[in-house]
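Engineer: Contents of protein.cif (mmCIF, C-alpha atoms (C1' of nucleotides)) are below:
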data_final
#
loop_
_atom_site.label_atom_id
_atom_site.label_comp_id
_atom_site.auth_asym_id
_atom_site.auth_seq_id
_atom_site.Cartn_x
_atom_site.Cartn_y
_atom_site.Cartn_z
CA MET A 1 -0.77 -28.75 32.57
CA SER A 2 1.22 -27.95 35.65
CA GLN A 3 1.96 -24.35 36.44
CA TYR A 4 4.76 -22.80 38.38
CA THR A 5 3.91 -20.42 41.18
CA SER A 6 6.59 -18.80 43.28
CA PRO A 7 6.38 -19.59 47.00
CA PRO A 8 4.18 -17.17 48.91
CA ILE A 9 5.97 -14.56 50.94
CA LEU A 10 6.28 -14.90 54.70
CA ASP A 11 3.03 -14.30 56.54
CA GLU A 12 2.79 -11.33 58.86
CA HIS A 13 3.25 -13.42 62.00
CA THR A 14 6.34 -15.29 60.86
CA ALA A 15 7.87 -12.15 59.39
CA ALA A 16 7.37 -10.37 62.71
CA HIS A 17 9.30 -13.11 64.49
CA VAL A 18 12.10 -13.04 61.93
CA ALA A 19 12.32 -9.26 62.30
CA GLU A 20 12.44 -9.66 66.07
CA LEU A 21 15.33 -12.08 65.77
CA PHE A 22 17.39 -9.77 63.57
CA ARG A 23 16.48 -6.82 65.77
CA ALA A 24 18.30 -8.55 68.61
CA PHE A 25 21.55 -7.92 66.71
CA SER A 26 20.61 -4.47 65.43
CA ASP A 27 22.24 -2.44 68.19
CA THR A 28 25.95 -1.67 68.49
CA SER A 29 26.12 -2.48 72.19
CA ARG A 30 24.35 -5.79 71.76
CA VAL A 31 26.60 -6.72 68.86
CA ARG A 32 29.64 -6.11 71.05
CA ILE A 33 28.05 -8.07 73.89
CA MET A 34 27.40 -10.97 71.53
CA SER A 35 30.94 -10.81 70.18
CA ALA A 36 32.19 -11.15 73.73
CA LEU A 37 29.82 -13.99 74.63
CA VAL A 38 30.77 -15.92 71.52
CA THR A 39 34.28 -16.21 72.93
CA GLY A 40 32.95 -17.58 76.19
CA GLU A 41 30.78 -17.18 79.24
CA THR A 42 30.94 -13.69 80.74
CA ASN A 43 29.29 -11.96 83.68
CA VAL A 44 27.51 -8.63 83.69
CA SER A 45 30.18 -6.40 85.20
CA ALA A 46 32.83 -7.83 82.87
CA LEU A 47 30.56 -7.25 79.88
CA ALA A 48 30.00 -3.68 81.06
CA LYS A 49 33.74 -3.02 81.22
CA ILE A 50 34.51 -4.74 77.94
CA VAL A 51 31.71 -3.12 75.99
CA GLY A 52 32.01 0.24 77.69
CA VAL A 53 28.48 0.79 78.91
CA SER A 54 26.90 0.79 82.36
CA GLU A 55 26.05 -2.44 84.15
CA SER A 56 22.45 -1.32 84.10
CA ALA A 57 22.47 -1.00 80.34
CA VAL A 58 24.02 -4.45 80.00
CA SER A 59 21.39 -5.90 82.32
CA HIS A 60 18.60 -4.40 80.25
CA HIS A 61 20.09 -5.86 77.08
CA MET A 62 20.54 -9.26 78.68
CA ARG A 63 16.90 -9.37 79.67
CA GLY A 64 15.87 -8.97 76.06
CA LEU A 65 18.37 -11.51 74.78
CA ARG A 66 17.32 -13.93 77.52
CA GLN A 67 13.62 -13.57 76.73
CA MET A 68 14.39 -14.40 73.13
CA ARG A 69 16.38 -17.44 74.29
CA LEU A 70 19.48 -16.19 72.51
CA VAL A 71 21.49 -16.42 75.71
CA THR A 72 21.22 -18.43 78.90
CA ALA A 73 22.10 -17.28 82.42
CA ARG A 74 23.89 -19.11 85.17
CA ARG A 75 24.24 -17.71 88.66
CA GLU A 76 27.47 -18.26 90.56
CA GLY A 77 27.41 -16.54 93.90
CA ARG A 78 26.42 -12.98 93.31
CA GLU A 79 27.56 -12.96 89.73
CA VAL A 80 25.46 -13.98 86.73
CA PHE A 81 27.25 -15.53 83.79
CA TYR A 82 25.73 -15.36 80.36
CA ARG A 83 26.50 -17.57 77.41
CA VAL A 84 25.26 -18.34 73.90
CA ASP A 85 24.14 -21.94 73.84
CA ASP A 86 22.65 -22.19 70.36
CA GLU A 87 25.18 -22.98 67.66
CA HIS A 88 22.77 -21.78 64.99
CA ILE A 89 22.56 -18.39 66.66
CA ILE A 90 26.34 -18.19 66.83
CA ALA A 91 26.55 -19.10 63.15
CA LEU A 92 23.95 -16.48 62.21
CA PHE A 93 25.79 -13.80 64.16
CA GLN A 94 29.18 -14.76 62.77
CA GLN A 95 27.83 -14.73 59.26
CA GLY A 96 26.71 -11.14 59.72
CA VAL A 97 30.11 -10.20 61.09
CA LYS A 98 31.84 -11.96 58.21
CA HIS A 99 29.81 -10.07 55.65
CA ILE A 100 30.97 -6.78 57.12
CA GLN A 101 34.59 -7.80 57.50
CA ASP A 102 34.81 -9.21 53.97
CA GLU A 103 33.60 -6.09 52.25
CA MET B 104 55.63 -19.58 77.92
CA SER B 105 52.78 -18.88 75.54
CA GLN B 106 49.54 -17.56 76.93
CA TYR B 107 46.02 -17.82 75.66
CA THR B 108 44.02 -14.65 75.30
CA SER B 109 40.52 -14.67 73.95
CA PRO B 110 40.06 -12.62 70.77
CA PRO B 111 39.17 -9.00 71.44
CA ILE B 112 35.55 -8.06 70.95
CA LEU B 113 34.46 -6.17 67.88
CA ASP B 114 35.53 -2.55 67.87
CA GLU B 115 32.88 0.15 67.98
CA HIS B 116 33.10 0.89 64.28
CA THR B 117 32.80 -2.69 63.06
CA ALA B 118 30.07 -3.45 65.56
CA ALA B 119 28.11 -0.45 64.31
CA HIS B 120 28.26 -1.80 60.77
CA VAL B 121 27.21 -5.27 61.85
CA ALA B 122 24.30 -3.76 63.78
CA GLU B 123 23.35 -1.75 60.71
CA LEU B 124 23.30 -4.91 58.60
CA PHE B 125 21.03 -6.78 60.97
CA ARG B 126 18.86 -3.70 61.39
CA ALA B 127 18.04 -3.94 57.69
CA PHE B 128 16.10 -7.13 58.49
CA SER B 129 14.65 -5.92 61.77
CA ASP B 130 11.33 -4.67 60.46
CA THR B 131 8.33 -6.82 59.55
CA SER B 132 7.67 -5.05 56.25
CA ARG B 133 11.29 -5.30 55.15
CA VAL B 134 11.38 -8.98 56.05
CA ARG B 135 8.34 -9.58 53.87
CA ILE B 136 9.88 -7.50 51.08
CA MET B 137 13.05 -9.56 51.28
CA SER B 138 11.10 -12.82 51.30
CA ALA B 139 9.45 -11.70 48.07
CA LEU B 140 12.71 -10.57 46.46
CA VAL B 141 14.40 -13.83 47.31
CA THR B 142 11.95 -15.58 45.00
CA GLY B 143 12.78 -13.19 42.18
CA GLU B 144 12.95 -9.70 40.81
CA THR B 145 9.92 -7.59 41.74
CA ASN B 146 8.87 -4.00 41.08
CA VAL B 147 7.64 -1.47 43.60
CA SER B 148 3.90 -1.61 42.98
CA ALA B 149 3.94 -5.41 43.06
CA LEU B 150 5.87 -5.36 46.33
CA ALA B 151 3.36 -2.91 47.75
CA LYS B 152 0.46 -5.20 46.87
CA ILE B 153 2.17 -8.37 48.06
CA VAL B 154 3.41 -6.94 51.34
CA GLY B 155 0.31 -4.86 51.96
CA VAL B 156 1.82 -1.42 52.46
CA SER B 157 1.79 1.76 50.38
CA GLU B 158 4.08 2.22 47.41
CA SER B 159 5.60 5.16 49.21
CA ALA B 160 6.47 3.01 52.19
CA VAL B 161 8.04 0.41 49.92
CA SER B 162 10.04 3.08 48.14
CA HIS B 163 11.38 4.39 51.44
CA HIS B 164 12.43 0.89 52.46
CA MET B 165 14.07 0.23 49.11
CA ARG B 166 16.17 3.34 49.41
CA GLY B 167 17.64 2.06 52.65
CA LEU B 168 18.22 -1.44 51.33
CA ARG B 169 19.77 0.00 48.18
CA GLN B 170 22.11 2.29 50.10
CA MET B 171 23.31 -0.73 52.05
CA ARG B 172 23.82 -2.59 48.78
CA LEU B 173 21.50 -5.38 49.90
CA VAL B 174 19.42 -4.96 46.75
CA THR B 175 20.03 -3.64 43.27
CA ALA B 176 17.62 -1.74 41.09
CA ARG B 177 16.94 -2.06 37.39
CA ARG B 178 14.69 0.33 35.53
CA GLU B 179 12.42 -1.00 32.80
CA GLY B 180 10.25 1.71 31.33
CA ARG B 181 8.55 3.40 34.22
CA GLU B 182 8.89 0.47 36.53
CA VAL B 183 11.84 -0.24 38.78
CA PHE B 184 12.67 -3.87 39.51
CA TYR B 185 14.57 -4.78 42.62
CA ARG B 186 16.52 -7.93 43.28
CA VAL B 187 18.91 -9.45 45.79
CA ASP B 188 22.18 -10.07 44.05
CA ASP B 189 24.38 -11.17 46.92
CA GLU B 190 24.13 -14.88 47.69
CA HIS B 191 25.63 -14.30 51.12
CA ILE B 192 22.86 -11.88 51.96
CA ILE B 193 20.26 -14.37 50.80
CA ALA B 194 21.89 -17.06 52.92
CA LEU B 195 21.98 -14.78 55.96
CA PHE B 196 18.33 -13.90 55.56
CA GLN B 197 17.24 -17.49 54.99
CA GLN B 198 19.18 -18.62 58.03
CA GLY B 199 17.21 -16.21 60.17
CA VAL B 200 13.95 -17.43 58.67
CA LYS B 201 14.97 -21.03 59.22
CA HIS B 202 15.72 -20.42 62.88
CA ILE B 203 12.20 -19.10 63.40
CA GLN B 204 10.50 -21.82 61.40
CA ASP B 205 12.42 -24.62 63.11
CA GLU B 206 11.54 -23.61 66.62
"C1'" DT C 207 2.18 18.51 24.33
"C1'" DA C 208 -0.93 16.71 27.68
"C1'" DA C 209 -2.38 13.02 30.43
"C1'" DA C 210 -1.65 8.81 32.76
"C1'" DC C 211 1.38 5.91 35.15
"C1'" DA C 212 5.27 4.37 38.30
"C1'" DT C 213 8.40 5.74 41.54
"C1'" DC C 214 10.73 8.92 44.63
"C1'" DT C 215 11.17 12.43 48.19
"C1'" DG C 216 10.64 15.52 52.33
"C1'" DA C 217 7.89 16.82 56.21
"C1'" DG C 218 5.35 15.61 60.12
"C1'" DC C 219 3.46 12.48 63.49
"C1'" DA C 220 3.12 8.37 66.43
"C1'" DT C 221 5.61 4.84 68.36
"C1'" DA C 222 9.79 2.29 69.60
"C1'" DT C 223 14.33 2.10 71.36
"C1'" DC C 224 18.40 2.95 74.26
"C1'" DT C 225 20.50 5.07 77.92
"C1'" DT C 226 20.81 6.94 82.61
"C1'" DC C 227 19.35 7.45 87.31
"C1'" DA C 228 17.54 5.89 91.52
"C1'" DT C 229 16.43 2.07 93.89
"C1'" DA C 230 15.30 -2.76 94.90
"C1'" DG C 231 16.65 -7.74 95.27
"C1'" DG C 232 19.77 -11.36 96.15
"C1'" DT C 233 24.40 -13.17 97.83
"C1'" DT C 234 28.56 -13.23 100.56
"C1'" DA C 235 31.74 -11.79 104.20
"C1'" DA C 236 32.70 -9.34 108.52
"C1'" DT D 237 22.92 -8.63 111.39
"C1'" DT D 238 25.23 -5.26 108.84
"C1'" DA D 239 27.87 -3.87 105.10
"C1'" DA D 240 29.61 -4.56 100.62
"C1'" DC D 241 28.93 -6.34 96.22
"C1'" DC D 242 26.59 -7.78 91.88
"C1'" DT D 243 22.58 -7.73 89.21
"C1'" DA D 244 17.79 -6.41 88.07
"C1'" DT D 245 14.10 -3.14 87.51
"C1'" DG D 246 11.03 0.93 86.47
"C1'" DA D 247 10.66 5.65 85.15
"C1'" DA D 248 12.01 9.37 82.31
"C1'" DG D 249 14.23 11.75 78.55
"C1'" DA D 250 16.60 11.93 74.02
"C1'" DT D 251 16.93 9.90 69.69
"C1'" DA D 252 15.58 6.73 66.00
"C1'" DT D 253 12.23 4.52 63.17
"C1'" DG D 254 8.24 3.67 60.05
"C1'" DC D 255 4.22 5.32 58.19
"C1'" DT D 256 1.21 8.67 55.71
"C1'" DC D 257 0.41 12.67 52.97
"C1'" DA D 258 1.36 15.95 49.43
"C1'" DG D 259 3.85 16.86 45.76
"C1'" DA D 260 7.98 16.21 42.59
"C1'" DT D 261 10.47 13.48 39.05
"C1'" DG D 262 10.84 10.41 35.22
"C1'" DT D 263 8.59 7.57 31.47
"C1'" DT D 264 5.21 6.21 28.11
"C1'" DT D 265 1.12 6.89 25.30
"C1'" DA D 266 -2.63 9.51 23.11
#
Could you write out this file's structure as structure tokens?
Structural biologist:
Amino acid sequence: MSQYTSPPILDEHTAAHVAELFRAFSDTSRVRIMSALVTGETNVSALAKIVGVSESAVSHHMRGLRQMRLVTARREGREVFYRVDDEHIIALFQQGVKHIQDE
Amino acid sequence: MSQYTSPPILDEHTAAHVAELFRAFSDTSRVRIMSALVTGETNVSALAKIVGVSESAVSHHMRGLRQMRLVTARREGREVFYRVDDEHIIALFQQGVKHIQDE
DNA sequence: TAAACATCTGAGCATATCTTCATAGGTTAA
DNA sequence: TTAACCTATGAAGATATGCTCAGATGTTTA
């Protein structure tokens, strides 16, 4: 006789990666940076002005987001433009925003 | 003549709430807890065994998740069963998991 | 009521995170 | 080349986070 068993929970390694992904959006400044990038490519100094933090802080955040491949960078002269390439990432972010705005 | 302006970025207050939501899933233990709850109602001691952390640690996590209304609690005798009621929250969580597993 | 069980809570500690400051690296214009 | 500009980096300090430990609270059973 067949028996039902619920799917095993996420293993430590996978769970750590999932947590890392969500952690990318777990900071107010990064959320605002993402909300800017979702509307289009933006460079560091513009992000700093828009979000209201130092260019250094933005740069630090961008390094993390870049390492996680959530954003890509493109150099144009002395400026560096960042963008969100992955539609799934955009959808994930927007879904989080929607949940807050719908409440 | 009409002019296009990109939508303003999220205000500080909204962004803080969005960050708070994502932060709920930004810890390995909480991700594993959520992955268990998604498969069905579970009590604290079971979660502790499954996830591999102390019951106290689970309880602390559940308080946070409860306060954010990401889970609901139901008492049955001396046990407390937790579940994820909100389908949108489940979808958000699963989408994050999917992004990791697809890579 | 007493004892056993399940969960919750606050304090304290170790670690992680975010920001700022100073400075370095890379690019363009004078 | 020098100066100005934009971005990146490392160190340091303040705050946040997650865990453990000890003990409290609530519930059932003997």
Engineer: Under the rule of at most 12 Å, produce a per-residue listing of chain D near chain A: chain, number, name, the closest pair of atoms, and the distance in Å, as a Markdown table, using all atoms listed in the file.
Structural biologist:
| residue | atom | partner | partner_atom | distance |
| --- | --- | --- | --- | --- |
| D:DA240 | C1' | A:Arg78 | CA | 11.6 |
| D:DC241 | C1' | A:Arg78 | CA | 7.7 |
| D:DC242 | C1' | A:Arg78 | CA | 5.4 |
| D:DT243 | C1' | A:Ser59 | CA | 7.2 |
| D:DA244 | C1' | A:Ser59 | CA | 6.8 |
| D:DT245 | C1' | A:His60 | CA | 8.6 |
| D:DG246 | C1' | A:His60 | CA | 11.2 |
| D:DA252 | C1' | A:Asp27 | CA | 11.5 |
Engineer: Distance table requested - chain A against chain B, cut-off 10 Å, only C-alpha atoms: one row per qualifying residue with the closest atom pair and its distance in Å to one decimal, ordered by chain and rising residue number, as CSV.
Structural biologist:
residue,atom,partner,partner_atom,distance
A:Ser6,CA,B:Thr142,CA,6.5
A:Pro7,CA,B:Thr142,CA,7.1
A:Pro8,CA,B:Ala139,CA,7.6
A:Ile9,CA,B:Ala139,CA,5.3
A:Leu10,CA,B:Arg135,CA,5.8
A:Asp11,CA,B:Arg135,CA,7.6
A:Glu12,CA,B:Thr131,CA,7.2
A:His13,CA,B:Thr131,CA,8.7
A:Thr14,CA,B:Ile203,CA,7.4
A:Ala15,CA,B:Thr131,CA,5.4
A:Ala16,CA,B:Thr131,CA,4.8
A:His17,CA,B:Ile203,CA,6.7
A:Val18,CA,B:Val200,CA,5.8
A:Ala19,CA,B:Ser129,CA,4.1
A:Glu20,CA,B:Ser129,CA,6.1
A:Leu21,CA,B:Gly199,CA,7.2
A:Phe22,CA,B:Ser129,CA,5.1
A:Arg23,CA,B:Ser129,CA,4.5
A:Ala24,CA,B:Ser129,CA,8.2
A:Phe25,CA,B:Ala122,CA,5.8
A:Ser26,CA,B:Ala122,CA,4.1
A:Asp27,CA,B:Ala122,CA,5.0
A:Thr28,CA,B:Ala119,CA,4.9
A:Ser29,CA,B:Ala118,CA,7.8
A:Arg30,CA,B:Ala122,CA,8.2
A:Val31,CA,B:Ala118,CA,5.8
A:Arg32,CA,B:Leu113,CA,5.8
A:Ile33,CA,B:Ile112,CA,8.1
A:Met34,CA,B:Ile112,CA,8.7
A:Ser35,CA,B:Ile112,CA,5.4
A:Ala36,CA,B:Ile112,CA,5.3
A:Leu37,CA,B:Ile112,CA,9.0
A:Val38,CA,B:Ile112,CA,9.2
A:Thr39,CA,B:Ser109,CA,6.5
A:Gly40,CA,B:Ser109,CA,8.4
A:Ile50,CA,B:Ile112,CA,7.8
A:Val51,CA,B:Ile112,CA,8.0
A:Gly52,CA,B:Glu115,CA,9.7
A:His88,CA,B:His202,CA,7.5
A:Ile89,CA,B:His202,CA,8.1
A:Ala91,CA,B:Gln198,CA,9.0
A:Leu92,CA,B:Gln198,CA,6.7
A:Phe93,CA,B:Val121,CA,9.0
A:Gln94,CA,B:Val121,CA,9.7
A:Gln95,CA,B:Leu195,CA,6.7
A:Gly96,CA,B:Val121,CA,6.3
A:Val97,CA,B:Val121,CA,5.8
A:Lys98,CA,B:Val121,CA,8.9
A:His99,CA,B:His191,CA,7.5
A:Ile100,CA,B:Val121,CA,6.2
A:Gln101,CA,B:Thr117,CA,7.8
Engineer: How many Å separate CA of Ser54 (chain A) from C1' of DC224 (chain C)?
Structural biologist: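 Computed distance, CA of Ser54 (chain A) to C1' of DC224 (chain C), equals 11.9 Å.
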Engineer: Record the distance separating CA of Val156 (chain B) and C1' of DG254 (chain D), expressed in Å with one decimal.
Structural biologist: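 C1' of DG254 (chain D) lies 11.2 Å from CA of Val156 (chain B).
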Engineer: So the first atom is CA of Arg177 (chain B) and the second is C1' of DG216 (chain C); what is the distance between them in Å, to one decimal place?
Structural biologist: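 Spanning CA of Arg177 (chain B) to C1' of DG216 (chain C) is a straight-line distance of 23.9 Å.
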Engineer: Please build the interface table for chain C against chain A with a cut-off of 8 Å, listing for each qualifying residue the nearest atom pair and the distance in Å to one decimal; count all atoms listed in the file, order rows by chain and increasing number, and write it as a tab-separated table.
Structural biologist:
residue	atom	partner	partner_atom	distance
C:DT225	C1'	A:Ala57	CA	6.8
C:DG232	C1'	A:Arg78	CA	7.4
C:DT233	C1'	A:Arg78	CA	5.0
C:DT234	C1'	A:Gly77	CA	7.5
Engineer: Residue by residue, what does the PyMOL selection byres ((chain D and resi 239) around 9) grab here? Present the result as JSON, numbers by chain.
Structural biologist: {"C": [235, 236], "D": [238, 240]}
Engineer: Hey, what's within 12 Å of DA209 (chain C) if we count only C-alpha atoms (C1' of nucleotides) and toss same-chain stuff fewer than 3 positions away? As a compact mmCIF listing (two decimals) with C-alpha atoms (C1' of nucleotides), in the coordinates of the input, please?
Structural biologist:
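What follows is the written file part-v6.txt:
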# COMPACT_ATOMS: atom_id res chain seq x y z
C1' DT D 264 5.21 6.21 28.11
C1' DT D 265 1.12 6.89 25.30
C1' DA D 266 -2.63 9.51 23.11
Engineer: Check the smallest atom-to-atom distance from each of B:Ser105, B:Arg178, B:Met165, B:Glu206 to DT263 (chain D) using only C-alpha atoms (C1' of nucleotides), then report the winner.
Structural biologist: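 Checking each candidate against DT263 (chain D), we get B:Arg178 as the closest.
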Engineer: Which of these, C:DT226, C:DT221, C:DT207, C:DT215, has the shortest distance to DG249 (chain D) once you count only C-alpha atoms (C1' of nucleotides)?
Structural biologist: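 Nearest to DG249 (chain D): C:DT226.
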Engineer: Go through B:Asp205, B:Leu173, B:Leu150, B:Glu144 one by one, measure the shortest atom-to-atom distance of each to Arg186 (chain B) using only C-alpha atoms, and give the residue with the smallest value.
Structural biologist: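 Checking each candidate against Arg186 (chain B), we get B:Glu144 as the closest.
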Engineer: So that all listed atoms of region 209-224 of chain C fit with 3 Å spare on each side, what axis-aligned box centre and edge lengths in Å, to one decimal, would you give as JSON?
Structural biologist:
{"center_x": 8.0, "center_y": 9.5, "center_z": 52.3, "size_x": 26.8, "size_y": 20.7, "size_z": 49.8}
Engineer: Which residues are close to DG218 (chain C), i.e. within 12 Å by all atoms listed in the file, leaving aside same-chain residues fewer than 6 positions away? Reply as a list in words.
Structural biologist: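 Residues near the query, excluding close chain neighbours: DC255, DT256, DC257 and DA258 of chain D.
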